[in-house]
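Undergrad: Dumping the structure here so I can ask a few things about it.
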Amino acid sequence: MAIPGFLLLFLFHTFPVIRGAFYSFTNWKGYGSYDFVGLKNYIELFNDSRVMDSYIFTFKFAVISTILVNAFSLVLAVGLNAKIKFKNTLRAVYFTPHILSILIVGFIFKHIFTYVLPEIGQTLGIEILAKNILGYPDLAWIGIVVLAVWQSSGFHIILYLAGLQTIPQQLYEAADIDGANNWQKFWRVTFPLLAPFFTVNLVVAMRNFMMVFDHIVALTNGGPGRATESISLLIYRGGFEGGEFGYQTANSIIYFIFILIIAVIQVKFLQRREVQL
Amino acid sequence: MIDSIRSKVFPKRKKKKNINWIATILVILVSLIILFPLYITISIALKSPQELAQSVLAPPLRFHWENFAEAMEVSNFWRSLRNSALVSIPVIFLTVLSNSMVCYAIARNMNNRFFKFLYFYFVSAMFVPFPIIMLPLVKQMSGYGLTDNLVGLIIIYIVYSLPLNTLIYVGYIKTIPKSLEEAAIIDGGSIWQIFWSVIFPLLKPINATVAILAGLFSWNSFMLPLVMIASRKLMTLPLAQYAFQSQYSIDFNLAFASYLLALSPMLIFYIISQKWVISGVLRGSLKQ
């Protein structure tokens, strides 16, 4: 049974990778004939401001969202891990966004940003809320970050909760005897012992946010202008609509290497601070 | 944490279950952020345009169920629901069946170099996410006549879940003692019979995890159907919402009724089986 599995994965996964690498050296538009152009696509990519902007935007978005979602999730996981009432119900509430379609939730958020928040802002007289942030090139990314954090925090909360449950209770009791306060207990006991879960959460979040697509299609469609055009959106548009098939396969390869490098750096850096009990 | 301090200060209360009310209230307050967009969705979906114009935030005075009837018609809800079900249900069953068999073969032959290679090959495929191979994949699928075709979607979902499921299944099967199968071999069972009667039933909790992940992945995925499906009659729920965006124009009640309808199958499923879903997703992601 492993052989058909191997053949299918090769045919539908590895073979497209090889073909993609092949097309990246051509000027194929996605139809018609093509010529080999050597490294021309790759050289052009590094001089293409649209491509560079999409990398800068995606990376910035991914870093900010990863930090926010992890900070938010960690705090809530600690809260949910305390002796609170309605624990299971609240855990289920926080997890709900993870099971919903990002695209449809994105349409709902678009309406909230466009109509609901401005109305609240006007009634309360808060100026930042009173305008539709999705309409401003330098603010639209905030809307995407909000959606990304809202949608993915439930998943990361569950992971941190699992991590908190691996910390032996005796350590807190020992800290009590030493007279540690809650703040010290968090930074000296909880935080270091959660390190493996930090690694998982940060790597997974960063990887997912580097792929951002649905959020953007629903909220801004890359706009205003091209202010929120992510790498996957650019590959999709250029490859299928813009007649840049060969060029965008080259972009995909760079994209892949970029993501891989980020993951390797993250794992190297984060594993250094993991402690063994 | 506060509890343990309090129990030191007031040792008599130690026996009582201390509820941390400050944390409870804070966690409930923050959960309103999670619930707010869902409240807005339900409330707008049930309002009339006049009510919406008066106030965005107020709950509906009277429930306008007719919004849903209209939304079903405009967005062709039943058709896209059927398409989503026609994709997700086969994906869930076939993923569990095929991936568990593949991984059984790998897990029991890890001393063989070829199978060891397969294991690492499958797992390494996880590092190449979909957007990177999207362009050549779609060309290739259209060459096989599998674009604009639900079968094409089903194949991709099943094959692309293999890398993660290899980690999940192989890790679990390794913990099952071989002696169980050896006993069955002595009784004259074939590998096939052993898999079905001995191994597959033992995989139950992992099968649930894999089924839930496959269901969530295939039900909510947008990018894959977007690049693979072109005709409206084959669109899945998220893709149909994307395609019908322009039809709602400024009829927000209609749009929101339609969003709520599109979200409802998953919401209902989640409300019924949230414990399974959460533990399934957790078990799957701890393997990553």
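Going by the structure tokens order, chains are called A, B, ..., each with residues numbered from 1, while ligands are numbered from 1 in the order shown.
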Report the closest atom pair, with its distance in Å rounded to one decimal, for each residue of chain B that has an atom no farther than 6 Å from chain A; count only C-alpha atoms, sort by chain and then rising residue number, and write it as CSV.
TA:
residue,atom,partner,partner_atom,distance
B:Ile19,CA,A:Lys83,CA,5.3
B:Asn20,CA,A:Ile84,CA,5.3
B:Ala23,CA,A:Gly79,CA,5.8
B:Thr24,CA,A:Ile84,CA,4.9
B:Val102,CA,A:Ala2,CA,4.6
B:Pro131,CA,A:Ser232,CA,6.0
B:Ile132,CA,A:Ser252,CA,4.9
B:Ile133,CA,A:Val17,CA,5.8
B:Pro136,CA,A:Pro16,CA,5.3
B:Leu137,CA,A:Pro16,CA,5.2
B:Val159,CA,A:Leu9,CA,5.9
B:Asn220,CA,A:Ser101,CA,4.7
Undergrad: Pick out the residues sitting within 10 Å of region 71-84 of chain B, and hand them over as a VMD selection string; count only C-alpha atoms, and ignore anything fewer than 4 positions along from it in its own chain.
TA: chain B and resid 45 66 to 67 88 to 89 150 218 to 220 232 to 241 243 to 245 247 to 248 253 to 262 265
Undergrad: Write the residues you've just listed into a file as a tab-separated table (two decimals), in the first residue's frame, and include C-alpha atoms for each of them.
TA:
chain	number	residue	atom	x	y	z
B	45	ALA	CA	-28.75	38.46	9.13
B	66	GLU	CA	-37.21	35.61	4.98
B	67	ASN	CA	-33.62	36.93	4.60
B	88	SER	CA	-15.56	16.64	2.17
B	89	ILE	CA	-17.35	13.36	2.92
B	150	LEU	CA	-14.77	17.67	-7.92
B	218	SER	CA	-11.40	20.35	2.82
B	219	TRP	CA	-14.48	22.22	4.06
B	220	ASN	CA	-12.88	25.62	4.66
B	232	ARG	CA	-20.54	27.99	-10.80
B	233	LYS	CA	-22.36	24.69	-10.57
B	234	LEU	CA	-19.32	23.05	-8.96
B	235	MET	CA	-18.44	25.75	-6.44
B	236	THR	CA	-17.97	24.84	-2.77
B	237	LEU	CA	-19.40	27.06	-0.01
B	238	PRO	CA	-16.49	29.52	0.44
B	239	LEU	CA	-15.90	29.79	-3.30
B	240	ALA	CA	-19.59	30.46	-3.94
B	241	GLN	CA	-19.53	33.28	-1.37
B	243	ALA	CA	-18.25	34.50	-6.56
B	244	PHE	CA	-21.52	36.00	-5.32
B	245	GLN	CA	-19.96	38.99	-3.58
B	247	GLN	CA	-24.59	40.29	-6.22
B	248	TYR	CA	-25.16	41.51	-2.68
B	253	ASN	CA	-28.99	41.72	5.35
B	254	LEU	CA	-29.02	39.39	2.39
B	255	ALA	CA	-25.22	39.13	2.40
B	256	PHE	CA	-25.06	38.36	6.11
B	257	ALA	CA	-27.88	35.83	5.95
B	258	SER	CA	-25.86	34.17	3.24
B	259	TYR	CA	-22.61	34.27	5.27
B	260	LEU	CA	-24.37	32.79	8.26
B	261	LEU	CA	-25.84	30.02	6.12
B	262	ALA	CA	-22.42	29.23	4.70
B	265	PRO	CA	-22.94	23.56	8.84
Undergrad: CA of Ser264 (chain B) and CA of Gly223 (chain A) are how many Å apart?
TA: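 The value is 29.6 Å.
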